[in-house]
>>> print(open('structure13.cif').read())   # mmCIF, C-alpha atoms
data_my_file
#
loop_
_atom_site.group_PDB
_atom_site.id
_atom_site.type_symbol
_atom_site.label_atom_id
_atom_site.label_comp_id
_atom_site.auth_asym_id
_atom_site.auth_seq_id
_atom_site.Cartn_x
_atom_site.Cartn_y
_atom_site.Cartn_z
ATOM 1 C CA GLY A 197 32.432 -63.303 -32.222
ATOM 2 C CA LEU A 198 29.275 -62.282 -33.977
ATOM 3 C CA ARG A 199 26.725 -60.063 -32.277
ATOM 4 C CA SER A 200 23.291 -58.805 -33.284
ATOM 5 C CA ARG A 201 23.006 -55.099 -33.985
ATOM 6 C CA LEU A 202 20.647 -52.663 -35.681
ATOM 7 C CA VAL A 203 22.702 -50.979 -38.411
ATOM 8 C CA THR A 204 22.275 -48.852 -41.492
ATOM 9 C CA ILE A 205 23.905 -50.228 -44.629
ATOM 10 C CA LEU A 206 25.035 -48.061 -47.535
ATOM 11 C CA VAL A 207 25.828 -49.553 -50.944
ATOM 12 C CA ALA A 208 27.430 -47.151 -53.441
ATOM 13 C CA ASN A 209 27.801 -48.310 -57.044
ATOM 14 C CA LEU A 210 29.994 -46.233 -59.351
ATOM 15 C CA VAL A 211 28.350 -45.910 -62.747
ATOM 16 C CA GLY A 212 30.592 -45.475 -65.765
ATOM 17 C CA VAL A 213 33.318 -47.932 -64.795
ATOM 18 C CA HIS A 214 32.433 -50.435 -67.514
ATOM 19 C CA ALA A 215 32.316 -47.717 -70.185
ATOM 20 C CA LEU A 216 35.858 -46.641 -69.254
ATOM 21 C CA ILE A 217 37.025 -50.249 -69.472
ATOM 22 C CA GLU A 218 35.379 -50.804 -72.858
ATOM 23 C CA GLU A 219 36.876 -47.567 -74.192
ATOM 24 C CA HIS A 220 40.304 -48.788 -73.035
ATOM 25 C CA ASP A 221 40.665 -45.443 -71.301
ATOM 26 C CA VAL A 222 44.192 -45.241 -69.893
ATOM 27 C CA ALA A 223 42.954 -42.919 -67.155
ATOM 28 C CA ILE A 224 40.699 -45.597 -65.647
ATOM 29 C CA GLU A 225 43.043 -46.387 -62.771
ATOM 30 C CA ALA A 226 43.382 -42.740 -61.761
ATOM 31 C CA VAL A 227 39.629 -42.118 -62.085
ATOM 32 C CA LEU A 228 38.764 -45.208 -60.014
ATOM 33 C CA ASP A 229 41.356 -44.312 -57.382
ATOM 34 C CA ARG A 230 39.994 -40.765 -57.027
ATOM 35 C CA CYS A 231 36.350 -41.844 -56.951
ATOM 36 C CA THR A 232 36.890 -44.731 -54.544
ATOM 37 C CA SER A 233 39.002 -42.533 -52.273
ATOM 38 C CA ALA A 234 36.259 -39.896 -52.271
ATOM 39 C CA ILE A 235 33.625 -42.461 -51.277
ATOM 40 C CA LEU A 236 35.824 -44.025 -48.583
ATOM 41 C CA SER A 237 36.589 -40.571 -47.143
ATOM 42 C CA GLU A 238 32.911 -39.662 -46.941
ATOM 43 C CA VAL A 239 32.044 -42.962 -45.230
ATOM 44 C CA LYS A 240 34.777 -42.366 -42.660
ATOM 45 C CA ARG A 241 33.691 -38.746 -42.180
ATOM 46 C CA GLY A 242 30.126 -39.984 -41.626
ATOM 47 C CA ARG A 243 31.279 -42.401 -38.884
ATOM 48 C CA GLY A 244 30.697 -45.463 -41.049
ATOM 49 C CA THR A 245 32.823 -48.563 -41.576
ATOM 50 C CA VAL A 246 33.732 -49.859 -45.024
ATOM 51 C CA VAL A 247 33.062 -53.590 -45.159
ATOM 52 C CA SER A 248 34.389 -54.049 -48.702
ATOM 53 C CA PHE A 249 34.913 -52.426 -52.063
ATOM 54 C CA ALA A 250 35.421 -54.080 -55.424
ATOM 55 C CA GLY A 251 34.476 -53.470 -59.036
ATOM 56 C CA GLY A 252 33.227 -49.962 -58.373
ATOM 57 C CA VAL A 253 30.946 -51.009 -55.487
ATOM 58 C CA VAL A 254 31.507 -49.819 -51.925
ATOM 59 C CA PHE A 255 29.674 -51.641 -49.116
ATOM 60 C CA ALA A 256 29.605 -49.730 -45.819
ATOM 61 C CA VAL A 257 27.812 -49.994 -42.485
ATOM 62 C CA PHE A 258 26.890 -47.448 -39.819
ATOM 63 C CA ASN A 259 26.528 -48.400 -36.125
ATOM 64 C CA ALA A 260 28.486 -51.647 -36.358
ATOM 65 C CA ILE A 261 31.715 -50.484 -34.708
ATOM 66 C CA SER A 262 31.157 -46.800 -33.943
ATOM 67 C CA HIS A 263 27.930 -46.842 -31.895
ATOM 68 C CA THR A 264 25.351 -44.107 -32.358
ATOM 69 C CA SER A 265 21.574 -43.890 -32.334
ATOM 70 C CA LEU A 266 21.854 -41.496 -35.303
ATOM 71 C CA HIS A 267 23.278 -44.118 -37.701
ATOM 72 C CA ALA A 268 20.433 -43.768 -40.223
ATOM 73 C CA ASN A 269 20.908 -39.985 -40.299
ATOM 74 C CA HIS A 270 24.667 -40.368 -40.727
ATOM 75 C CA ALA A 271 24.221 -42.811 -43.625
ATOM 76 C CA CYS A 272 21.723 -40.532 -45.396
ATOM 77 C CA GLN A 273 24.006 -37.517 -44.973
ATOM 78 C CA CYS A 274 26.892 -39.640 -46.230
ATOM 79 C CA ALA A 275 24.938 -40.566 -49.374
ATOM 80 C CA LEU A 276 24.442 -36.867 -50.184
ATOM 81 C CA ALA A 277 28.118 -36.131 -49.484
ATOM 82 C CA ILE A 278 29.201 -38.996 -51.764
ATOM 83 C CA HIS A 279 27.168 -37.604 -54.663
ATOM 84 C CA LYS A 280 28.746 -34.188 -54.196
ATOM 85 C CA ALA A 281 32.256 -35.647 -53.902
ATOM 86 C CA ILE A 282 31.904 -37.774 -57.063
ATOM 87 C CA ALA A 283 30.542 -34.802 -59.046
ATOM 88 C CA GLN A 284 33.604 -32.790 -58.005
ATOM 89 C CA THR A 285 36.033 -35.662 -58.564
ATOM 90 C CA SER A 286 35.052 -36.926 -62.007
ATOM 91 C CA PRO A 287 32.335 -35.511 -64.282
ATOM 92 C CA ARG A 288 32.381 -38.774 -66.289
ATOM 93 C CA MET A 289 31.243 -40.824 -63.316
ATOM 94 C CA HIS A 290 28.170 -40.864 -61.147
ATOM 95 C CA VAL A 291 27.033 -43.076 -58.334
ATOM 96 C CA ARG A 292 23.878 -44.975 -57.415
ATOM 97 C CA ILE A 293 23.346 -45.451 -53.693
ATOM 98 C CA GLY A 294 21.040 -47.642 -51.648
ATOM 99 C CA VAL A 295 20.572 -47.152 -47.911
ATOM 100 C CA HIS A 296 18.768 -49.671 -45.694
ATOM 101 C CA THR A 297 18.400 -50.139 -41.932
ATOM 102 C CA ALA A 298 18.027 -53.643 -40.485
ATOM 103 C CA PRO A 299 19.182 -55.933 -37.690
ATOM 104 C CA VAL A 300 22.208 -57.989 -38.754
ATOM 105 C CA LEU A 301 25.045 -59.999 -37.258
ATOM 106 C CA VAL A 302 28.330 -58.081 -37.102
ATOM 107 C CA GLY A 303 31.823 -59.256 -36.270
ATOM 108 C CA ASN A 304 34.964 -60.957 -37.426
ATOM 109 C CA ILE A 305 34.439 -64.080 -39.507
ATOM 110 C CA GLY A 306 36.990 -66.685 -40.562
ATOM 111 C CA SER A 307 39.826 -68.715 -39.161
ATOM 112 C CA GLY A 308 42.639 -67.417 -36.957
ATOM 113 C CA HIS A 309 44.892 -66.356 -39.821
ATOM 114 C CA ALA A 310 42.193 -65.187 -42.242
ATOM 115 C CA LYS A 311 39.612 -63.252 -40.231
ATOM 116 C CA THR A 312 37.743 -60.337 -41.730
ATOM 117 C CA PHE A 313 35.106 -57.945 -40.422
ATOM 118 C CA ASN A 314 31.720 -58.580 -42.020
ATOM 119 C CA ILE A 315 27.985 -58.289 -41.544
ATOM 120 C CA LEU A 316 25.457 -61.034 -42.199
ATOM 121 C CA GLY A 317 21.698 -61.166 -42.594
ATOM 122 C CA ALA A 318 18.761 -60.513 -44.869
ATOM 123 C CA GLY A 319 19.315 -56.777 -44.392
ATOM 124 C CA VAL A 320 22.545 -56.953 -46.383
ATOM 125 C CA GLU A 321 20.795 -58.466 -49.386
ATOM 126 C CA ALA A 322 18.014 -55.891 -49.043
ATOM 127 C CA ALA A 323 20.553 -53.027 -49.094
ATOM 128 C CA PHE A 324 22.096 -54.307 -52.329
ATOM 129 C CA LEU A 325 18.608 -54.679 -53.814
ATOM 130 C CA VAL A 326 17.720 -51.098 -52.856
ATOM 131 C CA ALA A 327 20.912 -49.894 -54.577
ATOM 132 C CA ARG A 328 20.135 -51.920 -57.745
ATOM 133 C CA LEU A 329 16.589 -50.537 -57.913
ATOM 134 C CA ASN A 330 18.045 -47.111 -58.738
ATOM 135 C CA GLN A 331 18.883 -48.290 -62.249
ATOM 136 C CA HIS A 332 15.348 -49.531 -62.888
ATOM 137 C CA LEU A 333 13.703 -46.427 -61.434
ATOM 138 C CA GLY A 334 16.080 -43.896 -62.996
ATOM 139 C CA THR A 335 17.103 -42.571 -59.574
ATOM 140 C CA SER A 336 20.484 -41.986 -57.992
ATOM 141 C CA THR A 337 19.683 -42.647 -54.328
ATOM 142 C CA LEU A 338 17.052 -44.810 -52.693
ATOM 143 C CA ILE A 339 16.453 -44.947 -48.969
ATOM 144 C CA SER A 340 14.328 -47.767 -47.570
ATOM 145 C CA ARG A 341 11.303 -47.202 -45.352
ATOM 146 C CA PRO A 342 13.064 -48.591 -42.237
ATOM 147 C CA THR A 343 15.855 -46.065 -42.772
ATOM 148 C CA MET A 344 13.398 -43.202 -43.263
ATOM 149 C CA GLU A 345 11.582 -44.177 -40.063
ATOM 150 C CA LYS A 346 14.814 -44.450 -38.071
ATOM 151 C CA ALA A 347 16.152 -41.149 -39.466
ATOM 152 C CA ASN A 348 13.026 -39.227 -38.447
#
>>> encode(input="structure13.cif", output="structure tokens")
Amino acid sequence: GLRSRLVTILVANLVGVHALIEEHDVAIEAVLDRCTSAILSEVKRGRGTVVSFAGGVVFAVFNAISHTSLHANHACQCALAIHKAIAQTSPRMHVRIGVHTAPVLVGNIGSGHAKTFNILGAGVEAAFLVARLNQHLGTSTLISRPTMEKAN
């Protein structure tokens, strides 16, 4: 069932995916595989859980399954590690990351044969908004005030 939990959410958006598609770059599959694998590895290394990934966006949560009071720190360190990993993996790509800490509902959602782990709540929408703000502000990583307060 669903349970309430304070978590830190990380949203990583690969930038450059659409340009590769429009250029009909035959290497797009290999580039996306390498970049996505790098992000997923860093989330796992940082003790996070990947909720989903699609279209160059990875949605991860810290403190949902693997419990730690340092979840905000782990997510912030993960964001830095993701930037480094993407720079080493593909110079044509970069990533915009939003990190936000909030109480949410976590758990498996769905029917008996189609259950999936997910998180629900206003904090999820806020994390995606924080990630999108990078484009408007010309930044690559934004960390919300609640995350900064929890990380300190």
>>> closest_atom_pairs(input="structure13.cif", of="range 207-255 of chain A", to="range 293-315 of chain A", cutoff="10 Å", atoms="only C-alpha atoms", output="tab-separated table")
residue	atom	partner	partner_atom	distance
A:Val207	CA	A:Gly294	CA	5.2
A:Ala208	CA	A:Ile293	CA	4.4
A:Asn209	CA	A:Ile293	CA	6.3
A:Leu210	CA	A:Ile293	CA	8.8
A:Thr245	CA	A:Phe313	CA	9.7
A:Val246	CA	A:Phe313	CA	9.4
A:Val247	CA	A:Asn314	CA	6.0
A:Ser248	CA	A:Asn314	CA	8.5
A:Val253	CA	A:Ile293	CA	9.6
A:Val254	CA	A:Ile293	CA	9.4
A:Phe255	CA	A:Gly294	CA	9.8
>>> resolve_selection(input="structure13.cif", expression="the PyMOL selection byres ((chain A and resi 280) around 12)", output="PyMOL selection string")
chain A and resi 231+234-235+238+273-279+281-287+289-291+336
>>> resolve_selection(input="structure13.cif", expression="the PyMOL selection byres ((chain A and resi 345) around 12)", output="compact mmCIF listing (two decimals) with C-alpha atoms, keeping the file's coordinate frame")
# COMPACT_ATOMS: atom_id res chain seq x y z
CA THR A 204 22.28 -48.85 -41.49
CA LEU A 266 21.85 -41.50 -35.30
CA HIS A 267 23.28 -44.12 -37.70
CA ALA A 268 20.43 -43.77 -40.22
CA ASN A 269 20.91 -39.98 -40.30
CA HIS A 296 18.77 -49.67 -45.69
CA THR A 297 18.40 -50.14 -41.93
CA ALA A 298 18.03 -53.64 -40.48
CA ILE A 339 16.45 -44.95 -48.97
CA SER A 340 14.33 -47.77 -47.57
CA ARG A 341 11.30 -47.20 -45.35
CA PRO A 342 13.06 -48.59 -42.24
CA THR A 343 15.86 -46.06 -42.77
CA MET A 344 13.40 -43.20 -43.26
CA LYS A 346 14.81 -44.45 -38.07
CA ALA A 347 16.15 -41.15 -39.47
CA ASN A 348 13.03 -39.23 -38.45
>>> atom_distance(input="structure13.cif", atom1="CA of Ser262 in chain A", atom2="CA of Leu325 in chain A")
24.8 Å
>>> atom_distance(input="structure13.cif", atom1="CA of Gly242 in chain A", atom2="CA of Asp229 in chain A")
19.8 Å
>>> atom_distance(input="structure13.cif", atom1="CA of Leu202 in chain A", atom2="CA of Val257 in chain A")
10.2 Å
>>> resolve_selection(input="structure13.cif", expression="the PyMOL selection byres ((chain A and resi 223-226) around 12)", output="list of chain:residue names")
A:Gly212, A:Val213, A:His214, A:Ala215, A:Leu216, A:Ile217, A:Glu218, A:Glu219, A:His220, A:Asp221, A:Val222, A:Val227, A:Leu228, A:Asp229, A:Arg230, A:Cys231, A:Thr232, A:Ser233, A:Gly251, A:Gly252, A:Thr285, A:Ser286, A:Arg288, A:Met289
>>> closest_residue(input="structure13.cif", among="A:Ala256, A:Ala327, A:Leu333, A:Cys272", to="Ile205 in chain A", atoms="only C-alpha atoms")
A:Ala256
>>> closest_residue(input="structure13.cif", among="A:Leu329, A:Leu198, A:Ile261, A:Val239", to="Leu316 in chain A", atoms="all atoms listed in the file")
A:Leu198
>>> decode(input="structure13.cif", residues="range 238-253 of chain A", atoms="N, CA and C atoms", output="PDB file, in the first residue's frame")
ATOM      1  N   GLU A 238      24.464   6.276 -11.608  1.00  0.00           N
ATOM      2  CA  GLU A 238      24.724   7.274 -10.562  1.00  0.00           C
ATOM      3  C   GLU A 238      23.597   7.312  -9.535  1.00  0.00           C
ATOM      4  N   VAL A 239      22.352   7.165  -9.992  1.00  0.00           N
ATOM      5  CA  VAL A 239      21.225   7.127  -9.046  1.00  0.00           C
ATOM      6  C   VAL A 239      21.374   5.926  -8.121  1.00  0.00           C
ATOM      7  N   LYS A 240      21.687   4.780  -8.687  1.00  0.00           N
ATOM      8  CA  LYS A 240      21.865   3.572  -7.872  1.00  0.00           C
ATOM      9  C   LYS A 240      23.031   3.749  -6.903  1.00  0.00           C
ATOM     10  N   ARG A 241      24.135   4.287  -7.390  1.00  0.00           N
ATOM     11  CA  ARG A 241      25.310   4.513  -6.544  1.00  0.00           C
ATOM     12  C   ARG A 241      24.973   5.474  -5.396  1.00  0.00           C
ATOM     13  N   GLY A 242      24.082   6.429  -5.654  1.00  0.00           N
ATOM     14  CA  GLY A 242      23.691   7.396  -4.644  1.00  0.00           C
ATOM     15  C   GLY A 242      22.577   6.921  -3.732  1.00  0.00           C
ATOM     16  N   ARG A 243      22.210   5.650  -3.825  1.00  0.00           N
ATOM     17  CA  ARG A 243      21.176   5.028  -2.983  1.00  0.00           C
ATOM     18  C   ARG A 243      19.777   5.525  -3.317  1.00  0.00           C
ATOM     19  N   GLY A 244      19.581   5.938  -4.575  1.00  0.00           N
ATOM     20  CA  GLY A 244      18.264   6.355  -5.023  1.00  0.00           C
ATOM     21  C   GLY A 244      17.545   5.230  -5.744  1.00  0.00           C
ATOM     22  N   THR A 245      16.275   5.481  -6.058  1.00  0.00           N
ATOM     23  CA  THR A 245      15.439   4.531  -6.783  1.00  0.00           C
ATOM     24  C   THR A 245      14.895   5.219  -8.019  1.00  0.00           C
ATOM     25  N   VAL A 246      15.088   4.627  -9.178  1.00  0.00           N
ATOM     26  CA  VAL A 246      14.531   5.180 -10.410  1.00  0.00           C
ATOM     27  C   VAL A 246      13.051   4.831 -10.460  1.00  0.00           C
ATOM     28  N   VAL A 247      12.216   5.862 -10.570  1.00  0.00           N
ATOM     29  CA  VAL A 247      10.777   5.654 -10.678  1.00  0.00           C
ATOM     30  C   VAL A 247      10.422   5.403 -12.136  1.00  0.00           C
ATOM     31  N   SER A 248      10.991   6.217 -13.045  1.00  0.00           N
ATOM     32  CA  SER A 248      10.746   6.012 -14.472  1.00  0.00           C
ATOM     33  C   SER A 248      11.797   6.755 -15.287  1.00  0.00           C
ATOM     34  N   PHE A 249      11.888   6.353 -16.558  1.00  0.00           N
ATOM     35  CA  PHE A 249      12.688   7.114 -17.509  1.00  0.00           C
ATOM     36  C   PHE A 249      12.085   6.936 -18.887  1.00  0.00           C
ATOM     37  N   ALA A 250      11.956   8.072 -19.578  1.00  0.00           N
ATOM     38  CA  ALA A 250      11.377   8.066 -20.924  1.00  0.00           C
ATOM     39  C   ALA A 250      11.726   9.382 -21.598  1.00  0.00           C
ATOM     40  N   GLY A 251      11.972   9.330 -22.889  1.00  0.00           N
ATOM     41  CA  GLY A 251      12.193  10.542 -23.666  1.00  0.00           C
ATOM     42  C   GLY A 251      13.343  11.391 -23.183  1.00  0.00           C
ATOM     43  N   GLY A 252      14.358  10.783 -22.596  1.00  0.00           N
ATOM     44  CA  GLY A 252      15.496  11.542 -22.117  1.00  0.00           C
ATOM     45  C   GLY A 252      15.310  12.137 -20.733  1.00  0.00           C
ATOM     46  N   VAL A 253      14.238  11.756 -20.032  1.00  0.00           N
ATOM     47  CA  VAL A 253      13.995  12.252 -18.672  1.00  0.00           C
ATOM     48  C   VAL A 253      14.042  11.078 -17.694  1.00  0.00           C
TER      49      VAL A 253
END
